[in-house]
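Here is the structure we will look at.
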Amino acid sequence: MTATDLSFAKENADRLFQRKRLIGYAIPAVILLYLIYIFFAFDLPGLAGRANLNNAVTLASDSWSHKVHVTRDNRSGEITYAVEGERKGTYPEGQRPDWVTGDEVIIIDLGGNHIVRYLPENRTEIELPGFPMIEVQAEGRSLISNLPTDLPDWISASNRRIGITTPEGRITLTGSRTEVFNYFPGWELFWFTLDSPYHGQGLATILFGEQIDPARSNIAGAISDWWNNPMWRHKDVAWAIGETILMAFLGTMGAAIIALPLAFLAAKRFSPVMVLRAATRRLFDFLRGVDALIWTVVLARAFGPGPLTGALAILITDTGTFGKIFSEALENVDGKQIEGVSSTGAKPLQRYRFGVIPQVVPVLLAQILYFLESNTRSATIIGAITGGGIGLMLTQAIQTQKDWEEVAYYIVLIVVMVMFMDWFSGWLRGKLIDRKD
Amino acid sequence: MAEISLSGAPDSVDSIQASYMAQVQRRRLYGGLALLIFAVLMVSGFNVADDRNAGGFWEGLHQIGDYPADVLSEAWEKRADLPSLIAKYFPALVETINIAAVSTLIGAIGGLFLSLLGTRGLARWPRLIPLFRRVADIMRAVPEIVIALVLIFVLGGGPVPAMIAIAIHTAGALGKMFSEVAENADLKPVEGLASTGATWSQRMLLGVLPQVAPNYISYALLRFEINIRASAILGFVGAGGLGYELRNAMAWGPGRFDEAAAIFILLFGTIVFFDQVSSRYRNRLTEGQGQ
């Protein structure tokens with residue numbers, strides 16, 4: 001090798017290196033530029049203004065805790081005790097939480113030396129450590145208090161409404177009612193509501209103890225009270241999850257059943273007529289391109305909201321997807337098997353059944369089962385739009401903006417459901433495809 | 001298959017045939033049973049879904065065409081306005097595409113790290129492999145809508161919640177696909193780099209990424225197609241973009257169907273366009289990798 005050859009090769013290599021280096025810097029630079037553009041296009045600087053941190057705090061604390069409301073109606077003087085302030089969680093007549101004492105003067109012990117006293121004549125005394133005793137008198141629609149004008153930021157006060165937030169609980173006072181919220185960790189009344197005789201009974205008592213409700217046996221009664229729990233609605237939730245899985249199942253399987261024969265029409269091997277082939281392919285493209293969102297909207301007009309609409313939307317979209325995948329699989333089948341079958345004098349239908357189907361079944365099954373899992377997720381989303389299944393319950397719970405523990409419960413259930421379907425489809429795939437070999 | 005014992009050679013043909021026939025019969029029985037169960041599940045499932053639906057299937061079937069016909073006829077009457085409407089909704093379309101692109105980008109970067117940290121032989125901290133895999137599984141299992149709705153409550157409406165929600169799901173989904181590719185990567189370059197004293201990030205960047213890049217990019221493109229659809233759907237529940245405009249246009253009802261039609265056209269065109277482009281590039285990437 002001569003010196004000129006070497007220098008030529010070196011020059012070439014240098015140029016190549018330079019180009020690679022340029023690309024190596026250009027790609028991250030383009031990505032960075034794009035992200036800068038997005039930073040302004042999505043108005044990220046303004047996000048801080050739009051974000052509501054109070055919402056985040058409420059969400060984070062409410063999702064794993066519950067509060068018990070002690071409410072005094074200042075007109076009637078009536079005092080109610082209710083979990084989450086809901087009618088379904090109200091303590092029955094004559095019962096109240098054990099941190100409330102007193103008859104004439106109601107003493108609410110929030111813990112940590114935070115004490116609220118409901119006095120007669122709509123007076124309220126609030127004792128907080130490290131703060132002078134607060135006295136409030138409700139008069140018609142306004143409040144008279146001994147609060148100083150200079151207030152710490154955990155107290156907000158006007159002559160109409162006073163709000164006090166402490167680590168132990170929250171107190172709000174208005175002219176018409178006085179309310180104390182005491183926070184506790186955990187999801188209250190998850191098993192039984194307060195009106196059920198089984199509330200507060202241990203598992204051992206229910207299983208092996210004496211009969212609690214004279215009319216029903218312990219286990220049957222407990223299961224029925226839990227199932228019909230009005231607060232957590234376990235029955236409706238179970239139905240909703242069933243609906244979601246049903247949508248995914250019907251949609252996926254229905255799409256596979258419809259797509260398989262159509263895929264034969266779209267595969268070059270089996271469908272010699274060019275026009276027919278092209279038409280079927282365009283049909284698949286159309287079904288896929290009109291997204292599940294649009295199909296849902298269109299179908300909801302015809303069938304109304306519900307799981308059937310969701311199932312059909314999945315079915316139509318996936319017919320397009322499956323058609324494309326299936327026809328590609330059919331193009332790739334091995335011709336020798338078909339020849340072998342036809343050499344025995346098999347008719348066309350038999351040739352397909354014994355020459356083609358056994359070859360493509362593993363591919364198709366793998367795809368179908370994969371879509372079954374991914375459609376469970378789609379069904380959750382479609383349910384939120386078309387009104388069916390767990391997706392709807394989730395959106396409703398989020399829109400009421402107060403039952404965050406229910407939102408957390410639904411989210412956990414959805415994640416468990418999707419992971420279960422993932423595991424199940426993987427298991428079924430292993431079983432079915434291994435058996436075929 | 002049936003076990004053949006050589007000792008009973010003379011009369012074995014009959015027994016082989018008998019056992020073969022028995023096996024075939026059992027197989028047919030199982031196959032038939034499975035088919036029967038499947039059919040029963042489909043029919044009863046359909047009936048349950050039909051019962052719980054607001055409108056029945058058979059009553060609704062002949063109405064399927066009504067809404068598209070209304071929309072199309074109204075759009076056809078006002079076809080002169082259509083170009084201006086399309087121009088009007090174009091920014092929303094750009095937003096939808098941007099949501100999909102950014103979330104794919106961020107998700108792919110997240111998935112890249114999840115896959116490298118969760119693959120045997122490549123992981124930075126081999127003990128933490130199960131942790132990273134579980135993280136990817138959970139990110140994959142959470143449907144986008146869950147995160148999006150919660151974030152809309154905290155951050156307010158707009159593209160950011162959708163972007164974060166889709167990015168999280170994408171990171172999980174791509175993390176799994178990427179790590180399947182990374183498992184098959186040749187470890188020799190990595191060992192060679194390690195012998196020169198390269199750090200973990202250098203080993204990954206120079207030893208692994210060049211091997212897996214075509215497959216990674218191809219999966220990321222596939223994900224981008226999926227994310228465009230997802231971002232349109234999330235818009236429908238309040239997270240900006242074309243879906244949000246669609247919901248508003250739908251709420252107007254008759255008289256404004258031309259707007260709905262314009263949005264339908266934009267969405268359909270976009271999905272088909274990006275499907276075609278990305279499938280062409282993906283074919284090129286995976287073919288080039290064959291040699």
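Starting from 1 in every chain, residues are counted up; chains themselves are A, B, ... following the order of the structure tokens, and ligands are numbered from 1 as listed.
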Could you tell me which residues of chain A sit within 6 Å of chain B when counting only C-alpha atoms, and give me the result as a PyMOL selection string?
chain A and resi 50-52+55-56+289-290+293+302-308+377+415+418-419
Since we have the selection now, will you write its residues out, keeping all heavy atoms, as a short mmCIF file (atom, residue, chain, number, x, y, z; two decimals), in the first residue's frame?
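Contents of part-v1.cif, freshly written:
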```cif
data_model
loop_
_atom_site.label_atom_id
_atom_site.label_comp_id
_atom_site.auth_asym_id
_atom_site.auth_seq_id
_atom_site.Cartn_x
_atom_site.Cartn_y
_atom_site.Cartn_z
N ARG A 50 -52.09 27.78 36.35
CA ARG A 50 -53.32 27.01 36.19
C ARG A 50 -53.42 25.87 37.20
O ARG A 50 -54.50 25.47 37.59
CB ARG A 50 -53.38 26.43 34.77
CG ARG A 50 -53.98 27.39 33.75
CD ARG A 50 -53.89 26.82 32.36
NE ARG A 50 -52.54 26.88 31.85
CZ ARG A 50 -51.95 25.90 31.19
NH1 ARG A 50 -52.58 24.79 30.96
NH2 ARG A 50 -50.72 26.04 30.74
N ALA A 51 -52.24 25.36 37.61
CA ALA A 51 -52.26 24.21 38.51
C ALA A 51 -52.84 24.61 39.85
O ALA A 51 -52.63 25.70 40.33
CB ALA A 51 -50.84 23.68 38.69
N ASN A 52 -53.58 23.72 40.42
CA ASN A 52 -54.20 23.98 41.70
C ASN A 52 -53.60 23.03 42.73
O ASN A 52 -53.95 21.86 42.80
CB ASN A 52 -55.71 23.78 41.58
CG ASN A 52 -56.43 24.23 42.81
OD1 ASN A 52 -55.81 24.37 43.87
ND2 ASN A 52 -57.71 24.49 42.68
N ASN A 55 -55.87 21.28 45.22
CA ASN A 55 -56.49 20.07 44.69
C ASN A 55 -55.57 18.88 44.88
O ASN A 55 -56.01 17.79 45.26
CB ASN A 55 -56.79 20.23 43.21
CG ASN A 55 -58.05 21.02 42.98
OD1 ASN A 55 -58.76 21.32 43.94
ND2 ASN A 55 -58.34 21.35 41.75
N ALA A 56 -54.28 19.08 44.58
CA ALA A 56 -53.33 17.98 44.70
C ALA A 56 -53.26 17.49 46.13
O ALA A 56 -53.23 16.28 46.39
CB ALA A 56 -51.96 18.43 44.22
N GLY A 289 -58.61 3.59 10.13
CA GLY A 289 -58.33 5.02 10.11
C GLY A 289 -59.40 5.84 10.82
O GLY A 289 -59.10 6.79 11.53
N VAL A 290 -60.68 5.47 10.62
CA VAL A 290 -61.73 6.09 11.42
C VAL A 290 -61.55 5.49 12.80
O VAL A 290 -61.88 4.36 13.05
CB VAL A 290 -63.13 5.74 10.87
CG1 VAL A 290 -64.19 6.40 11.71
CG2 VAL A 290 -63.24 6.17 9.44
N LEU A 293 -62.50 6.29 18.53
CA LEU A 293 -63.21 7.46 19.06
C LEU A 293 -64.40 7.83 18.19
O LEU A 293 -65.52 8.01 18.68
CB LEU A 293 -62.23 8.64 19.13
CG LEU A 293 -62.83 10.00 19.47
CD1 LEU A 293 -63.40 9.99 20.86
CD2 LEU A 293 -61.80 11.09 19.33
N ALA A 302 -76.64 5.55 17.47
CA ALA A 302 -77.59 4.53 17.04
C ALA A 302 -78.04 3.64 18.20
O ALA A 302 -79.21 3.31 18.32
CB ALA A 302 -76.97 3.68 15.93
N PHE A 303 -77.09 3.26 19.07
CA PHE A 303 -77.42 2.26 20.09
C PHE A 303 -77.56 2.85 21.48
O PHE A 303 -77.88 2.14 22.41
CB PHE A 303 -76.34 1.18 20.12
CG PHE A 303 -76.21 0.45 18.83
CD1 PHE A 303 -75.08 0.57 18.05
CD2 PHE A 303 -77.23 -0.37 18.38
CE1 PHE A 303 -74.96 -0.10 16.86
CE2 PHE A 303 -77.13 -1.03 17.18
CZ PHE A 303 -75.99 -0.90 16.42
N GLY A 304 -77.28 4.13 21.62
CA GLY A 304 -77.34 4.70 22.96
C GLY A 304 -76.13 4.29 23.76
O GLY A 304 -75.37 3.42 23.34
N PRO A 305 -75.93 4.92 24.93
CA PRO A 305 -74.75 4.57 25.72
C PRO A 305 -74.89 3.16 26.31
O PRO A 305 -75.99 2.68 26.53
CB PRO A 305 -74.76 5.62 26.82
CG PRO A 305 -76.17 6.09 26.91
CD PRO A 305 -76.74 5.97 25.54
N GLY A 306 -73.75 2.54 26.53
CA GLY A 306 -73.77 1.21 27.15
C GLY A 306 -72.65 0.34 26.64
O GLY A 306 -71.92 0.72 25.73
N PRO A 307 -72.54 -0.84 27.23
CA PRO A 307 -71.42 -1.70 26.88
C PRO A 307 -71.47 -2.21 25.44
O PRO A 307 -70.42 -2.44 24.83
CB PRO A 307 -71.53 -2.86 27.87
CG PRO A 307 -72.91 -2.82 28.37
CD PRO A 307 -73.35 -1.40 28.31
N LEU A 308 -72.67 -2.37 24.89
CA LEU A 308 -72.76 -2.91 23.53
C LEU A 308 -72.12 -1.94 22.54
O LEU A 308 -71.40 -2.35 21.63
CB LEU A 308 -74.22 -3.15 23.17
CG LEU A 308 -74.42 -3.83 21.82
CD1 LEU A 308 -73.99 -5.27 21.90
CD2 LEU A 308 -75.84 -3.72 21.38
N ARG A 377 -57.80 -2.14 28.20
CA ARG A 377 -57.47 -0.75 28.49
C ARG A 377 -58.33 0.18 27.63
O ARG A 377 -58.89 1.15 28.13
CB ARG A 377 -55.99 -0.51 28.25
CG ARG A 377 -55.26 -0.31 29.54
CD ARG A 377 -53.78 -0.10 29.37
NE ARG A 377 -53.10 -1.28 28.93
CZ ARG A 377 -52.57 -1.45 27.73
NH1 ARG A 377 -52.64 -0.50 26.84
NH2 ARG A 377 -51.96 -2.56 27.43
N VAL A 415 -56.07 -1.16 37.54
CA VAL A 415 -54.70 -1.65 37.33
C VAL A 415 -54.66 -3.16 37.55
O VAL A 415 -54.06 -3.91 36.75
CB VAL A 415 -53.72 -0.91 38.26
CG1 VAL A 415 -52.36 -1.56 38.20
CG2 VAL A 415 -53.62 0.54 37.85
N VAL A 418 -56.28 -4.89 34.52
CA VAL A 418 -55.45 -4.93 33.32
C VAL A 418 -54.30 -5.92 33.52
O VAL A 418 -53.98 -6.70 32.61
CB VAL A 418 -54.91 -3.52 32.99
CG1 VAL A 418 -53.94 -3.60 31.84
CG2 VAL A 418 -56.05 -2.60 32.64
N MET A 419 -53.70 -5.91 34.71
CA MET A 419 -52.60 -6.84 34.93
C MET A 419 -53.10 -8.29 34.90
O MET A 419 -52.41 -9.18 34.41
CB MET A 419 -51.90 -6.54 36.26
CG MET A 419 -51.11 -5.25 36.19
SD MET A 419 -50.27 -4.87 37.71
CE MET A 419 -48.60 -5.19 37.24
#
```
* To do: Once DSSP has gone over the backbone, tell me which residues of stretch 49-195 of chain A are in alpha helix (DSSP H), as number ranges by chain.
  => A: 49-50, 53-62
Preceding selection exported with all heavy atoms as an mmCIF file, in the first residue's frame:
```cif
data_model
loop_
_atom_site.group_PDB
_atom_site.id
_atom_site.type_symbol
_atom_site.label_atom_id
_atom_site.label_comp_id
_atom_site.auth_asym_id
_atom_site.auth_seq_id
_atom_site.Cartn_x
_atom_site.Cartn_y
_atom_site.Cartn_z
ATOM 1 N N GLY A 49 -49.597 28.770 37.060
ATOM 2 C CA GLY A 49 -50.775 29.544 37.382
ATOM 3 C C GLY A 49 -52.048 28.719 37.327
ATOM 4 O O GLY A 49 -52.951 28.898 38.133
ATOM 5 N N ARG A 50 -52.088 27.781 36.354
ATOM 6 C CA ARG A 50 -53.318 27.007 36.192
ATOM 7 C C ARG A 50 -53.418 25.866 37.196
ATOM 8 O O ARG A 50 -54.497 25.465 37.585
ATOM 9 C CB ARG A 50 -53.379 26.430 34.768
ATOM 10 C CG ARG A 50 -53.977 27.385 33.750
ATOM 11 C CD ARG A 50 -53.894 26.818 32.363
ATOM 12 N NE ARG A 50 -52.543 26.880 31.845
ATOM 13 C CZ ARG A 50 -51.948 25.903 31.186
ATOM 14 N NH1 ARG A 50 -52.579 24.786 30.958
ATOM 15 N NH2 ARG A 50 -50.718 26.038 30.743
ATOM 16 N N LEU A 53 -52.666 23.563 43.524
ATOM 17 C CA LEU A 53 -51.968 22.672 44.457
ATOM 18 C C LEU A 53 -52.870 22.202 45.573
ATOM 19 O O LEU A 53 -52.700 21.107 46.102
ATOM 20 C CB LEU A 53 -50.728 23.369 45.020
ATOM 21 C CG LEU A 53 -49.556 23.392 44.037
ATOM 22 C CD1 LEU A 53 -48.351 24.020 44.660
ATOM 23 C CD2 LEU A 53 -49.214 21.969 43.583
ATOM 24 N N ASN A 54 -53.866 23.037 45.904
ATOM 25 C CA ASN A 54 -54.802 22.588 46.938
ATOM 26 C C ASN A 54 -55.495 21.311 46.518
ATOM 27 O O ASN A 54 -55.687 20.391 47.307
ATOM 28 C CB ASN A 54 -55.855 23.665 47.198
ATOM 29 C CG ASN A 54 -55.285 24.791 48.028
ATOM 30 O OD1 ASN A 54 -54.275 24.599 48.699
ATOM 31 N ND2 ASN A 54 -55.914 25.935 47.967
ATOM 32 N N ASN A 55 -55.869 21.280 45.217
ATOM 33 C CA ASN A 55 -56.494 20.065 44.690
ATOM 34 C C ASN A 55 -55.574 18.876 44.876
ATOM 35 O O ASN A 55 -56.007 17.791 45.256
ATOM 36 C CB ASN A 55 -56.790 20.234 43.211
ATOM 37 C CG ASN A 55 -58.055 21.018 42.979
ATOM 38 O OD1 ASN A 55 -58.757 21.319 43.939
ATOM 39 N ND2 ASN A 55 -58.336 21.349 41.747
ATOM 40 N N ALA A 56 -54.277 19.081 44.583
ATOM 41 C CA ALA A 56 -53.334 17.980 44.700
ATOM 42 C C ALA A 56 -53.260 17.493 46.132
ATOM 43 O O ALA A 56 -53.230 16.283 46.394
ATOM 44 C CB ALA A 56 -51.958 18.427 44.221
ATOM 45 N N VAL A 57 -53.248 18.446 47.084
ATOM 46 C CA VAL A 57 -53.158 18.044 48.491
ATOM 47 C C VAL A 57 -54.416 17.287 48.900
ATOM 48 O O VAL A 57 -54.346 16.222 49.518
ATOM 49 C CB VAL A 57 -52.943 19.288 49.376
ATOM 50 C CG1 VAL A 57 -53.045 18.915 50.840
ATOM 51 C CG2 VAL A 57 -51.606 19.914 49.071
ATOM 52 N N THR A 58 -55.592 17.824 48.520
ATOM 53 C CA THR A 58 -56.844 17.138 48.844
ATOM 54 C C THR A 58 -56.813 15.720 48.302
ATOM 55 O O THR A 58 -57.156 14.755 48.998
ATOM 56 C CB THR A 58 -58.042 17.848 48.172
ATOM 57 O OG1 THR A 58 -57.798 19.237 48.181
ATOM 58 C CG2 THR A 58 -59.322 17.523 48.860
ATOM 59 N N LEU A 59 -56.394 15.626 47.045
ATOM 60 C CA LEU A 59 -56.381 14.322 46.379
ATOM 61 C C LEU A 59 -55.459 13.362 47.113
ATOM 62 O O LEU A 59 -55.815 12.225 47.418
ATOM 63 C CB LEU A 59 -55.879 14.549 44.951
ATOM 64 C CG LEU A 59 -56.101 13.486 43.907
ATOM 65 C CD1 LEU A 59 -56.032 14.146 42.564
ATOM 66 C CD2 LEU A 59 -55.053 12.429 43.991
ATOM 67 N N ALA A 60 -54.245 13.853 47.436
ATOM 68 C CA ALA A 60 -53.270 12.961 48.050
ATOM 69 C C ALA A 60 -53.720 12.536 49.431
ATOM 70 O O ALA A 60 -53.532 11.377 49.823
ATOM 71 C CB ALA A 60 -51.916 13.656 48.129
ATOM 72 N N SER A 61 -54.342 13.450 50.195
ATOM 73 C CA SER A 61 -54.695 13.042 51.559
ATOM 74 C C SER A 61 -56.008 12.274 51.567
ATOM 75 O O SER A 61 -56.158 11.317 52.327
ATOM 76 C CB SER A 61 -54.777 14.261 52.466
ATOM 77 O OG SER A 61 -55.750 15.146 51.978
ATOM 78 N N ASP A 62 -56.959 12.666 50.706
ATOM 79 C CA ASP A 62 -58.268 12.003 50.748
ATOM 80 C C ASP A 62 -58.232 10.581 50.209
ATOM 81 O O ASP A 62 -59.096 9.778 50.522
ATOM 82 C CB ASP A 62 -59.297 12.806 49.936
ATOM 83 C CG ASP A 62 -59.978 13.834 50.807
ATOM 84 O OD1 ASP A 62 -59.431 14.091 51.898
ATOM 85 O OD2 ASP A 62 -61.027 14.352 50.407
#
```
| said: So that I can check the surroundings of A:Asp195, please list as JSON, numbers by chain every protein, DNA and RNA residue that reaches within 9 Å of it, counting only C-alpha atoms and ignoring chain neighbours fewer than 5 positions away. | reply: {"A": [88, 89, 90, 91, 92]}
Those same residues - C-alpha atoms - I'd like them written as a PDB file, in the first residue's frame.
```
ATOM      1  CA  LYS A  88     -75.216   6.750  53.613  1.00  0.00           C
ATOM      2  CA  GLY A  89     -72.503   7.105  56.248  1.00  0.00           C
ATOM      3  CA  THR A  90     -74.602   8.766  58.972  1.00  0.00           C
ATOM      4  CA  TYR A  91     -74.435   7.299  62.457  1.00  0.00           C
ATOM      5  CA  PRO A  92     -77.812   5.899  63.526  1.00  0.00           C
TER       6      PRO A  92
END
```
* Asked: Contacts of stretch 115-129 of chain A at 10 Å or less, counting only C-alpha atoms, minus same-chain residues fewer than 3 places along, as a ChimeraX atom specification?
  -> /A:71-77,79,100-112,132-140,143-145,164,166,168,171,173,175-180
Compile the contact shell of B:Thr170 as a tab-separated table (two decimals) with C-alpha atoms, in the first residue's frame: residues with an atom at most 9 Å away, counting only C-alpha atoms, same-chain residues fewer than 5 positions apart removed.
```tsv
chain	number	residue	atom	x	y	z
B	103	SER	CA	-45.18	11.80	24.79
B	104	THR	CA	-43.64	9.26	22.41
B	106	ILE	CA	-40.36	11.21	26.49
B	107	GLY	CA	-41.85	7.74	26.76
B	108	ALA	CA	-39.17	6.31	24.49
B	110	GLY	CA	-38.05	6.51	29.74
B	111	GLY	CA	-38.57	3.13	28.12
B	139	MET	CA	-46.76	1.93	34.11
B	140	ARG	CA	-48.02	-0.19	31.25
B	165	ALA	CA	-50.44	10.36	30.90
B	175	GLY	CA	-39.81	-0.58	28.22
B	220	ALA	CA	-41.25	3.91	18.83
B	223	ARG	CA	-46.16	3.63	19.36
B	227	ASN	CA	-50.42	7.64	20.60
```
Exercise. Which polymer residues have any atom within 10 Å of an atom of stretch 189-191 of chain B, counting only C-alpha atoms, with same-chain residues fewer than 6 positions away left out, as a list in words?
Worked result: Gly121, Leu122, Gly197, Ala198, Trp200, Gln202, Arg203, Met204, Leu205, Leu206, Gly207, Val208 and Gln211 of chain B
Residues as selected, all heavy atoms, written as a compact mmCIF listing (two decimals), in the first residue's frame, can you do that?
```txt
# COMPACT_ATOMS: atom_id res chain seq x y z
N GLY B 121 -27.66 -8.81 32.18
CA GLY B 121 -26.43 -8.66 31.42
C GLY B 121 -26.10 -7.22 31.12
O GLY B 121 -24.94 -6.87 30.90
N LEU B 122 -27.13 -6.36 31.08
CA LEU B 122 -26.88 -4.96 30.77
C LEU B 122 -27.09 -4.06 31.97
O LEU B 122 -26.61 -2.94 32.00
CB LEU B 122 -27.81 -4.49 29.64
CG LEU B 122 -27.75 -5.24 28.32
CD1 LEU B 122 -28.79 -4.68 27.37
CD2 LEU B 122 -26.36 -5.11 27.71
N GLY B 197 -12.23 0.08 30.11
CA GLY B 197 -12.54 0.94 31.26
C GLY B 197 -13.69 1.88 31.01
O GLY B 197 -13.81 2.90 31.70
N ALA B 198 -14.56 1.57 30.04
CA ALA B 198 -15.69 2.46 29.75
C ALA B 198 -16.71 2.39 30.89
O ALA B 198 -16.89 1.35 31.50
CB ALA B 198 -16.36 2.04 28.44
N TRP B 200 -20.63 2.71 32.54
CA TRP B 200 -21.85 2.03 32.13
C TRP B 200 -22.54 2.78 31.00
O TRP B 200 -22.95 2.18 30.00
CB TRP B 200 -22.80 1.91 33.32
CG TRP B 200 -24.07 1.22 32.99
CD1 TRP B 200 -24.24 -0.13 32.84
CD2 TRP B 200 -25.34 1.81 32.73
NE1 TRP B 200 -25.54 -0.40 32.51
CE2 TRP B 200 -26.24 0.77 32.44
CE3 TRP B 200 -25.81 3.13 32.71
CZ2 TRP B 200 -27.57 1.00 32.14
CZ3 TRP B 200 -27.14 3.35 32.41
CH2 TRP B 200 -28.00 2.30 32.13
N GLN B 202 -21.26 4.77 28.82
CA GLN B 202 -20.50 4.64 27.57
C GLN B 202 -20.72 3.26 26.94
O GLN B 202 -20.88 3.13 25.73
CB GLN B 202 -19.01 4.86 27.83
CG GLN B 202 -18.69 6.33 28.08
CD GLN B 202 -17.29 6.52 28.61
OE1 GLN B 202 -16.74 5.65 29.28
NE2 GLN B 202 -16.70 7.67 28.31
N ARG B 203 -20.74 2.25 27.78
CA ARG B 203 -20.97 0.90 27.26
C ARG B 203 -22.33 0.80 26.57
O ARG B 203 -22.47 0.22 25.50
CB ARG B 203 -20.93 -0.13 28.40
CG ARG B 203 -19.56 -0.36 28.98
CD ARG B 203 -19.48 -1.72 29.66
NE ARG B 203 -20.38 -1.89 30.77
CZ ARG B 203 -20.12 -1.53 32.03
NH1 ARG B 203 -18.96 -0.95 32.30
NH2 ARG B 203 -20.97 -1.72 32.99
N MET B 204 -23.33 1.40 27.22
CA MET B 204 -24.67 1.34 26.64
C MET B 204 -24.74 2.14 25.34
O MET B 204 -25.25 1.69 24.33
CB MET B 204 -25.70 1.91 27.63
CG MET B 204 -25.89 1.10 28.87
SD MET B 204 -26.42 -0.57 28.52
CE MET B 204 -25.10 -1.51 29.22
N LEU B 205 -24.17 3.35 25.38
CA LEU B 205 -24.27 4.26 24.25
C LEU B 205 -23.51 3.72 23.04
O LEU B 205 -23.99 3.77 21.91
CB LEU B 205 -23.71 5.63 24.66
CG LEU B 205 -24.01 6.79 23.73
CD1 LEU B 205 -25.50 7.00 23.65
CD2 LEU B 205 -23.33 8.05 24.24
N LEU B 206 -22.34 3.15 23.28
CA LEU B 206 -21.50 2.73 22.17
C LEU B 206 -21.62 1.24 21.86
O LEU B 206 -21.35 0.81 20.74
CB LEU B 206 -20.03 3.08 22.46
CG LEU B 206 -19.78 4.56 22.73
CD1 LEU B 206 -18.40 4.79 23.25
CD2 LEU B 206 -20.01 5.37 21.47
N GLY B 207 -21.97 0.45 22.87
CA GLY B 207 -21.99 -0.99 22.66
C GLY B 207 -23.36 -1.56 22.36
O GLY B 207 -23.50 -2.47 21.54
N VAL B 208 -24.39 -1.04 23.02
CA VAL B 208 -25.71 -1.64 22.89
C VAL B 208 -26.58 -0.86 21.91
O VAL B 208 -27.19 -1.44 21.01
CB VAL B 208 -26.40 -1.73 24.27
CG1 VAL B 208 -27.77 -2.36 24.13
CG2 VAL B 208 -25.56 -2.53 25.23
N GLN B 211 -26.65 -1.48 18.18
CA GLN B 211 -27.23 -2.77 17.79
C GLN B 211 -28.75 -2.74 17.78
O GLN B 211 -29.39 -3.34 16.93
CB GLN B 211 -26.84 -3.85 18.80
CG GLN B 211 -25.39 -4.20 18.84
CD GLN B 211 -25.18 -5.36 19.80
OE1 GLN B 211 -25.79 -6.41 19.68
NE2 GLN B 211 -24.31 -5.14 20.76
```
As a VMD selection string, please: the residues near B:Gly118 (cut-off 6 Å, only C-alpha atoms, same-chain neighbours under 4 positions excluded). chain B and resid 114 123 129 132 to 133
With N, CA and C atoms kept, could you save the residues just selected as a short mmCIF file (atom, residue, chain, number, x, y, z; two decimals), in the first residue's frame?
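Everything below was put into out-v3.cif:
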```
data_model
loop_
_atom_site.label_atom_id
_atom_site.label_comp_id
_atom_site.auth_asym_id
_atom_site.auth_seq_id
_atom_site.Cartn_x
_atom_site.Cartn_y
_atom_site.Cartn_z
N LEU B 114 -35.64 2.18 31.26
CA LEU B 114 -36.27 1.04 31.93
C LEU B 114 -35.78 -0.27 31.32
N ALA B 123 -27.85 -4.56 32.94
CA ALA B 123 -28.33 -3.67 34.00
C ALA B 123 -27.17 -3.05 34.76
N ILE B 129 -33.06 -5.37 38.97
CA ILE B 129 -33.78 -5.72 37.74
C ILE B 129 -35.27 -5.97 37.99
N PHE B 132 -37.21 -2.67 38.38
CA PHE B 132 -37.47 -1.90 37.17
C PHE B 132 -38.51 -2.59 36.29
N ARG B 133 -38.49 -3.91 36.30
CA ARG B 133 -39.50 -4.62 35.49
C ARG B 133 -40.89 -4.40 36.04
#
```
